[in-house]
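Okay, final.pdb now, which holds PDB, C-alpha atoms, pLDDT in the B column:
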ATOM      1  CA  ALA A  10      55.883  23.297 -62.115  1.00 56.00           C
ATOM      2  CA  THR A  11      56.520  22.535 -65.764  1.00 61.00           C
ATOM      3  CA  PRO A  12      55.305  25.368 -68.012  1.00 61.00           C
ATOM      4  CA  PRO A  13      52.506  24.438 -70.408  1.00 65.00           C
ATOM      5  CA  ASP A  14      53.490  23.404 -73.917  1.00 81.00           C
ATOM      6  CA  ILE A  15      51.613  26.075 -75.867  1.00 87.00           C
ATOM      7  CA  PRO A  16      52.229  26.263 -79.646  1.00 89.00           C
ATOM      8  CA  CYS A  17      53.350  29.707 -80.782  1.00 92.00           C
ATOM      9  CA  THR A  18      53.285  31.181 -84.254  1.00 94.00           C
ATOM     10  CA  VAL A  19      54.811  34.196 -85.950  1.00 95.00           C
ATOM     11  CA  LYS A  20      53.413  36.450 -88.665  1.00 96.00           C
ATOM     12  CA  LEU A  21      55.582  38.386 -91.084  1.00 95.00           C
ATOM     13  CA  ARG A  22      55.607  40.041 -94.469  1.00 95.00           C
ATOM     14  CA  ARG A  23      58.023  38.993 -97.189  1.00 94.00           C
ATOM     15  CA  GLY A  24      60.223  41.993 -96.475  1.00 93.00           C
ATOM     16  CA  THR A  25      60.284  45.672 -95.732  1.00 94.00           C
ATOM     17  CA  ASP A  26      60.744  46.336 -99.455  1.00 94.00           C
ATOM     18  CA  ASP A  27      61.897  44.565-102.625  1.00 93.00           C
ATOM     19  CA  SER A  28      65.627  44.936-101.953  1.00 95.00           C
ATOM     20  CA  PRO A  29      67.938  41.880-101.707  1.00 95.00           C
ATOM     21  CA  GLN A  30      68.795  42.966 -98.161  1.00 96.00           C
ATOM     22  CA  ALA A  31      65.145  42.852 -97.119  1.00 95.00           C
ATOM     23  CA  ALA A  32      64.731  39.412 -98.719  1.00 94.00           C
ATOM     24  CA  ALA A  33      67.761  38.113 -96.827  1.00 96.00           C
ATOM     25  CA  ARG A  34      66.395  39.448 -93.545  1.00 96.00           C
ATOM     26  CA  PHE A  35      63.071  37.726 -94.202  1.00 96.00           C
ATOM     27  CA  TYR A  36      64.728  34.324 -94.483  1.00 96.00           C
ATOM     28  CA  GLN A  37      66.903  35.055 -91.452  1.00 96.00           C
ATOM     29  CA  ILE A  38      63.792  35.719 -89.339  1.00 96.00           C
ATOM     30  CA  PHE A  39      61.843  32.853 -90.919  1.00 96.00           C
ATOM     31  CA  GLU A  40      64.553  30.289 -90.212  1.00 95.00           C
ATOM     32  CA  ALA A  41      65.133  31.635 -86.708  1.00 95.00           C
ATOM     33  CA  ALA A  42      61.464  30.964 -85.965  1.00 95.00           C
ATOM     34  CA  ILE A  43      61.907  27.372 -87.157  1.00 95.00           C
ATOM     35  CA  ASP A  44      65.041  26.870 -85.051  1.00 93.00           C
ATOM     36  CA  LEU A  45      63.431  28.427 -81.972  1.00 92.00           C
ATOM     37  CA  GLY A  46      60.633  25.863 -82.108  1.00 91.00           C
ATOM     38  CA  TYR A  47      57.719  27.940 -83.339  1.00 93.00           C
ATOM     39  CA  SER A  48      54.871  25.868 -84.735  1.00 94.00           C
ATOM     40  CA  ALA A  49      54.027  27.929 -87.804  1.00 95.00           C
ATOM     41  CA  ALA A  50      54.570  31.140 -89.708  1.00 96.00           C
ATOM     42  CA  THR A  51      51.821  33.148 -91.359  1.00 97.00           C
ATOM     43  CA  VAL A  52      53.384  34.919 -94.333  1.00 97.00           C
ATOM     44  CA  HIS A  53      51.836  37.922 -96.060  1.00 96.00           C
ATOM     45  CA  PRO A  54      53.506  38.147 -99.488  1.00 95.00           C
ATOM     46  CA  ARG A  55      53.349  41.936 -99.707  1.00 95.00           C
ATOM     47  CA  THR A  56      56.184  44.093 -98.439  1.00 94.00           C
ATOM     48  CA  VAL A  57      55.809  46.529 -95.567  1.00 93.00           C
ATOM     49  CA  GLU A  58      56.401  49.334 -98.062  1.00 93.00           C
ATOM     50  CA  GLN A  59      53.482  48.122-100.183  1.00 90.00           C
ATOM     51  CA  LYS A  60      51.068  48.264 -97.243  1.00 88.00           C
ATOM     52  CA  TYR A  61      47.869  46.954 -98.902  1.00 86.00           C
ATOM     53  CA  LEU A  62      48.518  48.302-102.381  1.00 86.00           C
ATOM     54  CA  GLY A  63      48.912  46.061-105.407  1.00 85.00           C
ATOM     55  CA  PRO A  64      48.281  42.338-105.636  1.00 87.00           C
ATOM     56  CA  SER A  65      49.514  39.925-102.999  1.00 91.00           C
ATOM     57  CA  ARG A  66      52.352  37.860-104.500  1.00 94.00           C
ATOM     58  CA  TRP A  67      51.037  34.336-104.088  1.00 96.00           C
ATOM     59  CA  ALA A  68      53.920  33.019-106.204  1.00 97.00           C
ATOM     60  CA  PHE A  69      56.215  33.971-103.321  1.00 97.00           C
ATOM     61  CA  LEU A  70      54.242  31.659-101.045  1.00 97.00           C
ATOM     62  CA  ALA A  71      54.475  28.820-103.566  1.00 97.00           C
ATOM     63  CA  ASP A  72      58.263  29.264-103.799  1.00 97.00           C
ATOM     64  CA  LEU A  73      58.536  29.375-100.001  1.00 97.00           C
ATOM     65  CA  VAL A  74      56.584  26.140 -99.594  1.00 97.00           C
ATOM     66  CA  ARG A  75      58.738  24.379-102.199  1.00 96.00           C
ATOM     67  CA  ARG A  76      61.944  25.680-100.631  1.00 95.00           C
ATOM     68  CA  TYR A  77      61.191  24.161 -97.224  1.00 95.00           C
ATOM     69  CA  ALA A  78      59.172  21.092 -98.259  1.00 92.00           C
ATOM     70  CA  ALA A  79      62.056  18.664 -97.720  1.00 90.00           C
ATOM     71  CA  ASP A  80      63.781  20.512 -94.859  1.00 92.00           C
ATOM     72  CA  PRO A  81      63.999  18.066 -91.918  1.00 92.00           C
ATOM     73  CA  ARG A  82      63.658  20.965 -89.476  1.00 90.00           C
ATOM     74  CA  CYS A  83      60.129  21.543 -90.774  1.00 90.00           C
ATOM     75  CA  ALA A  84      58.616  18.209 -89.772  1.00 87.00           C
ATOM     76  CA  HIS A  85      56.424  20.004 -87.223  1.00 89.00           C
ATOM     77  CA  TRP A  86      56.329  23.364 -88.959  1.00 93.00           C
ATOM     78  CA  SER A  87      53.494  24.857 -90.998  1.00 95.00           C
ATOM     79  CA  ILE A  88      53.440  27.688 -93.496  1.00 97.00           C
ATOM     80  CA  LEU A  89      50.208  29.663 -93.596  1.00 97.00           C
ATOM     81  CA  GLY A  90      49.303  32.258 -96.203  1.00 97.00           C
ATOM     82  CA  SER A  91      47.634  35.641 -96.047  1.00 95.00           C
ATOM     83  CA  GLY A  92      46.704  38.392 -98.476  1.00 93.00           C
ATOM     84  CA  ASP A  93      43.896  38.974-101.005  1.00 94.00           C
ATOM     85  CA  ILE A  94      41.463  36.618 -99.294  1.00 95.00           C
ATOM     86  CA  ARG A  95      38.116  38.243-100.061  1.00 93.00           C
ATOM     87  CA  SER A  96      35.856  35.202-100.198  1.00 93.00           C
ATOM     88  CA  ALA A  97      35.666  31.623 -98.986  1.00 95.00           C
ATOM     89  CA  HIS A  98      36.631  30.471-102.475  1.00 96.00           C
ATOM     90  CA  ASP A  99      39.856  32.514-102.248  1.00 96.00           C
ATOM     91  CA  ILE A 100      40.900  30.482 -99.207  1.00 97.00           C
ATOM     92  CA  PHE A 101      40.931  27.243-101.148  1.00 96.00           C
ATOM     93  CA  GLU A 102      42.352  28.857-104.266  1.00 97.00           C
ATOM     94  CA  MET A 103      45.366  30.060-102.268  1.00 97.00           C
ATOM     95  CA  ILE A 104      45.901  26.558-100.906  1.00 97.00           C
ATOM     96  CA  ARG A 105      45.603  25.116-104.419  1.00 97.00           C
ATOM     97  CA  GLN A 106      47.994  27.605-106.010  1.00 97.00           C
ATOM     98  CA  THR A 107      50.625  27.819-103.275  1.00 97.00           C
ATOM     99  CA  GLY A 108      50.531  24.613-101.245  1.00 97.00           C
ATOM    100  CA  VAL A 109      50.283  26.436 -97.899  1.00 97.00           C
ATOM    101  CA  GLN A 110      48.857  24.358 -95.071  1.00 96.00           C
ATOM    102  CA  GLY A 111      46.428  26.985 -93.904  1.00 96.00           C
ATOM    103  CA  VAL A 112      45.137  30.463 -94.644  1.00 96.00           C
ATOM    104  CA  SER A 113      44.767  33.484 -92.390  1.00 95.00           C
ATOM    105  CA  VAL A 114      41.695  35.590 -93.164  1.00 94.00           C
ATOM    106  CA  ALA A 115      42.392  39.179 -92.172  1.00 89.00           C
ATOM    107  CA  ARG A 116      40.690  42.173 -93.825  1.00 89.00           C
ATOM    108  CA  GLY A 117      38.530  39.777 -95.824  1.00 90.00           C
ATOM    109  CA  CYS A 118      36.325  39.109 -92.794  1.00 92.00           C
ATOM    110  CA  ILE A 119      35.749  42.793 -91.961  1.00 91.00           C
ATOM    111  CA  GLY A 120      32.084  43.301 -92.702  1.00 91.00           C
ATOM    112  CA  ASN A 121      31.873  39.682 -93.830  1.00 93.00           C
ATOM    113  CA  PRO A 122      32.010  37.313 -90.839  1.00 94.00           C
ATOM    114  CA  TRP A 123      30.012  34.836 -92.929  1.00 94.00           C
ATOM    115  CA  ILE A 124      33.210  33.957 -94.820  1.00 95.00           C
ATOM    116  CA  PHE A 125      33.982  31.339 -92.166  1.00 95.00           C
ATOM    117  CA  THR A 126      30.575  29.668 -92.403  1.00 94.00           C
ATOM    118  CA  GLN A 127      30.923  29.648 -96.183  1.00 95.00           C
ATOM    119  CA  ALA A 128      34.400  28.118 -95.923  1.00 96.00           C
ATOM    120  CA  ARG A 129      33.067  25.319 -93.718  1.00 96.00           C
ATOM    121  CA  ALA A 130      30.328  24.735 -96.299  1.00 96.00           C
ATOM    122  CA  LEU A 131      32.970  24.363 -99.007  1.00 95.00           C
ATOM    123  CA  LEU A 132      34.805  21.840 -96.848  1.00 94.00           C
ATOM    124  CA  ARG A 133      31.575  19.821 -96.734  1.00 94.00           C
ATOM    125  CA  GLY A 134      31.195  20.171-100.496  1.00 94.00           C
ATOM    126  CA  ASP A 135      28.022  22.230-100.070  1.00 95.00           C
ATOM    127  CA  HIS A 136      28.547  24.813-102.799  1.00 94.00           C
ATOM    128  CA  GLU A 137      24.979  26.085-102.578  1.00 94.00           C
ATOM    129  CA  ALA A 138      25.459  27.111 -98.941  1.00 93.00           C
ATOM    130  CA  ALA A 139      28.927  28.499 -99.684  1.00 93.00           C
ATOM    131  CA  ASN A 140      27.499  30.860-102.301  1.00 92.00           C
ATOM    132  CA  ARG A 141      24.434  31.879-100.302  1.00 91.00           C
ATOM    133  CA  SER A 142      24.403  35.525 -99.193  1.00 89.00           C
ATOM    134  CA  PRO A 143      23.469  36.310 -95.580  1.00 91.00           C
ATOM    135  CA  THR A 144      19.839  37.270 -95.096  1.00 90.00           C
ATOM    136  CA  LEU A 145      18.894  40.755 -93.920  1.00 91.00           C
ATOM    137  CA  GLU A 146      17.853  39.203 -90.614  1.00 91.00           C
ATOM    138  CA  GLN A 147      21.288  37.608 -90.177  1.00 91.00           C
ATOM    139  CA  GLN A 148      22.984  40.866 -91.097  1.00 91.00           C
ATOM    140  CA  ARG A 149      20.816  42.783 -88.652  1.00 91.00           C
ATOM    141  CA  ALA A 150      21.710  40.469 -85.754  1.00 91.00           C
ATOM    142  CA  VAL A 151      25.442  40.722 -86.412  1.00 92.00           C
ATOM    143  CA  LEU A 152      25.379  44.495 -86.911  1.00 90.00           C
ATOM    144  CA  LEU A 153      23.572  45.065 -83.618  1.00 90.00           C
ATOM    145  CA  GLU A 154      25.842  42.686 -81.697  1.00 92.00           C
ATOM    146  CA  HIS A 155      28.948  44.292 -83.212  1.00 91.00           C
ATOM    147  CA  PHE A 156      27.859  47.773 -82.125  1.00 89.00           C
ATOM    148  CA  GLN A 157      26.896  46.631 -78.639  1.00 90.00           C
ATOM    149  CA  LEU A 158      30.289  44.956 -78.160  1.00 93.00           C
ATOM    150  CA  ALA A 159      32.028  48.105 -79.424  1.00 92.00           C
ATOM    151  CA  VAL A 160      30.092  50.194 -76.893  1.00 91.00           C
ATOM    152  CA  LYS A 161      31.035  47.766 -74.109  1.00 93.00           C
ATOM    153  CA  PHE A 162      34.756  48.037 -74.855  1.00 93.00           C
ATOM    154  CA  HIS A 163      35.109  51.621 -76.129  1.00 92.00           C
ATOM    155  CA  GLY A 164      32.130  53.604 -74.890  1.00 92.00           C
ATOM    156  CA  GLU A 165      29.270  54.891 -77.014  1.00 89.00           C
ATOM    157  CA  HIS A 166      30.982  57.969 -78.470  1.00 89.00           C
ATOM    158  CA  ARG A 167      34.077  56.187 -79.756  1.00 90.00           C
ATOM    159  CA  ALA A 168      32.056  53.173 -80.890  1.00 88.00           C
ATOM    160  CA  SER A 169      29.770  55.469 -82.890  1.00 87.00           C
ATOM    161  CA  MET A 170      32.767  56.870 -84.751  1.00 88.00           C
ATOM    162  CA  THR A 171      34.559  53.586 -85.425  1.00 88.00           C
ATOM    163  CA  MET A 172      31.457  51.602 -86.361  1.00 88.00           C
ATOM    164  CA  ARG A 173      30.813  53.868 -89.339  1.00 89.00           C
ATOM    165  CA  LYS A 174      33.656  52.272 -91.298  1.00 88.00           C
ATOM    166  CA  PHE A 175      32.481  48.799 -90.370  1.00 90.00           C
ATOM    167  CA  GLY A 176      28.945  49.683 -91.417  1.00 90.00           C
ATOM    168  CA  ILE A 177      30.234  50.624 -94.865  1.00 91.00           C
ATOM    169  CA  LYS A 178      31.839  47.189 -95.171  1.00 91.00           C
ATOM    170  CA  PHE A 179      28.644  45.435 -94.084  1.00 91.00           C
ATOM    171  CA  ALA A 180      26.645  47.550 -96.543  1.00 92.00           C
ATOM    172  CA  ARG A 181      28.193  45.637 -99.450  1.00 90.00           C
ATOM    173  CA  HIS A 182      25.766  42.799 -98.674  1.00 89.00           C
ATOM    174  CA  HIS A 183      22.702  45.046 -98.797  1.00 91.00           C
ATOM    175  CA  PRO A 184      20.760  45.702-102.043  1.00 89.00           C
ATOM    176  CA  ASP A 185      20.074  49.355-101.113  1.00 91.00           C
ATOM    177  CA  ALA A 186      23.045  51.703-101.599  1.00 87.00           C
ATOM    178  CA  ASP A 187      21.536  54.218 -99.157  1.00 92.00           C
ATOM    179  CA  VAL A 188      22.386  51.982 -96.210  1.00 93.00           C
ATOM    180  CA  ALA A 189      26.059  53.000 -96.397  1.00 92.00           C
ATOM    181  CA  ARG A 190      25.122  56.691 -96.155  1.00 92.00           C
ATOM    182  CA  ALA A 191      22.910  55.930 -93.169  1.00 92.00           C
ATOM    183  CA  PHE A 192      25.816  54.259 -91.358  1.00 91.00           C
ATOM    184  CA  ILE A 193      28.127  57.191 -92.127  1.00 91.00           C
ATOM    185  CA  ALA A 194      25.637  59.524 -90.416  1.00 90.00           C
ATOM    186  CA  VAL A 195      25.508  57.487 -87.192  1.00 88.00           C
ATOM    187  CA  GLU A 196      26.440  59.443 -84.056  1.00 88.00           C
ATOM    188  CA  ASN A 197      25.122  57.204 -81.281  1.00 88.00           C
ATOM    189  CA  LEU A 198      23.545  53.845 -80.542  1.00 85.00           C
ATOM    190  CA  ASP A 199      20.033  55.174 -81.184  1.00 89.00           C
ATOM    191  CA  ASP A 200      21.083  56.257 -84.712  1.00 89.00           C
ATOM    192  CA  TRP A 201      22.493  52.786 -85.293  1.00 89.00           C
ATOM    193  CA  ARG A 202      19.280  51.131 -84.144  1.00 88.00           C
ATOM    194  CA  SER A 203      17.258  53.487 -86.366  1.00 91.00           C
ATOM    195  CA  ALA A 204      19.384  52.569 -89.392  1.00 90.00           C
ATOM    196  CA  LEU A 205      18.869  48.888 -88.687  1.00 91.00           C
ATOM    197  CA  ASP A 206      15.115  49.316 -88.285  1.00 91.00           C
ATOM    198  CA  ARG A 207      14.989  51.204 -91.589  1.00 91.00           C
ATOM    199  CA  PHE A 208      17.137  48.930 -93.736  1.00 93.00           C
ATOM    200  CA  TYR A 209      17.009  45.591 -91.898  1.00 90.00           C
ATOM    201  CA  PRO A 210      13.331  45.136 -91.019  1.00 81.00           C
ATOM    202  CA  ALA A 211      12.318  42.621 -88.419  1.00 73.00           C
ATOM    203  CA  ALA A 212       9.007  41.544 -86.969  1.00 54.00           C
ATOM    204  CA  GLU A 213       9.470  44.038 -84.130  1.00 48.00           C
ATOM    205  CA  PRO A 214      11.613  47.213 -83.824  1.00 51.00           C
ATOM    206  CA  ILE A 215      14.861  46.852 -81.889  1.00 50.00           C
ATOM    207  CA  ALA A 216      14.193  47.298 -78.169  1.00 49.00           C
ATOM    208  CA  ALA A 217      16.013  50.151 -76.461  1.00 47.00           C
TER     209      ALA A 217
END
Could you show the structure in this file as structure tokens?
Amino acid sequence: ATPPDIPCTVKLRRGTDDSPQAAARFYQIFEAAIDLGYSAATVHPRTVEQKYLGPSRWAFLADLVRRYAADPRCAHWSILGSGDIRSAHDIFEMIRQTGVQGVSVARGCIGNPWIFTQARALLRGDHEAANRSPTLEQQRAVLLEHFQLAVKFHGEHRASMTMRKFGIKFARHHPDADVARAFIAVENLDDWRSALDRFYPAAEPIAA
């Protein structure tokens, strides 16, 4: 049987560090992906050495797009960008500044899954919806589902530990600063439900 034609992509940073050798290796890998028939590359314009420190170098993405714009090998090749995408508006600003054909939202959606709904609103030209914060009811539903999925995959003890850091991210949308401290203190699913009942009131308490 003929294997399915499934598009594959590659993700890479602009180098291990800022040395000329690292830059040369980046282009060697990037062009190999083109020649091997990959469909796209998602490029994070920080180095590996940088980790997540300092600004993402969007100018690197702009230069990369210009460099390969007229390359005949890239007729079916896309360059996607990543890095410093913290809001739906950042997605379109990266496209405007760099010319990339798409944007990968990574850490920017941690604690903010609404970024995708807001991005779709911007595509429709609905700026009011794009700037609308999630309601406490919407936050409550997502927080409970997130914890329940974490318990399903990792067990309650591990989920209780890992969900603390996610709770802190979600807390940025809440007007009460105490909610972050409540999430930090969570040790089990009952604690999580209690925090939601306290800070994200609903018509009825969360059922056990």
Output as JSON lines one row per residue of stretch 101-160 of chain A within 10 Å of stretch 187-208 of chain A: the closest atom pair and its distance in Å to one decimal place, counting all atoms listed in the file, sorted by chain and residue number ascending.
{"residue": "A:Leu145", "atom": "CA", "partner": "A:Phe208", "partner_atom": "CA", "distance": 8.4}
{"residue": "A:Glu146", "atom": "CA", "partner": "A:Leu205", "partner_atom": "CA", "distance": 9.9}
{"residue": "A:Gln148", "atom": "CA", "partner": "A:Leu205", "partner_atom": "CA", "distance": 9.3}
{"residue": "A:Arg149", "atom": "CA", "partner": "A:Leu205", "partner_atom": "CA", "distance": 6.4}
{"residue": "A:Ala150", "atom": "CA", "partner": "A:Leu205", "partner_atom": "CA", "distance": 9.4}
{"residue": "A:Leu152", "atom": "CA", "partner": "A:Leu205", "partner_atom": "CA", "distance": 8.1}
{"residue": "A:Leu153", "atom": "CA", "partner": "A:Arg202", "partner_atom": "CA", "distance": 7.4}
{"residue": "A:Phe156", "atom": "CA", "partner": "A:Leu198", "partner_atom": "CA", "distance": 7.6}
{"residue": "A:Gln157", "atom": "CA", "partner": "A:Leu198", "partner_atom": "CA", "distance": 8.2}
{"residue": "A:Val160", "atom": "CA", "partner": "A:Leu198", "partner_atom": "CA", "distance": 8.3}
A:Arg55, A:His182, A:Arg116, A:Lys161: which is nearest A:Thr144, counting only C-alpha atoms? A:His182
I need the residue set behind the PyMOL selection byres ((chain A and resi 122-135) around 10) for this file; please write it as number ranges by chain. A: 94-101, 114, 117-121, 136-143, 147-148, 151, 179
All residues 9 Å or closer to A:Gln59, all atoms listed in the file, same chain fewer than 4 positions away omitted, as a list in words: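 The filter keeps Thr25, Asp26, Arg55 and Gly63 of chain A.
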Would you output that residue set with C-alpha atoms, as a PDB file, in the frame of the given file?
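Final file, result.pdb:
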ATOM      1  CA  THR A  25      60.284  45.672 -95.732  1.00 94.00           C
ATOM      2  CA  ASP A  26      60.744  46.336 -99.455  1.00 94.00           C
ATOM      3  CA  ARG A  55      53.349  41.936 -99.707  1.00 95.00           C
ATOM      4  CA  GLY A  63      48.912  46.061-105.407  1.00 85.00           C
TER       5      GLY A  63
END
Between atom CA of A:Ser169 and atom CA of A:Gly92, what is the distance in Å, rounded to a tenth? 28.7 Å
Work out how far atom CA of A:Asp93 is from atom CA of A:Thr51, in Å to one decimal. 13.8 Å
Quick one: which residues end up in the PyMOL selection byres ((chain A and resi 16) around 7) for this structure, as a PyMOL selection string? chain A and resi 14-15+17-18+47-48
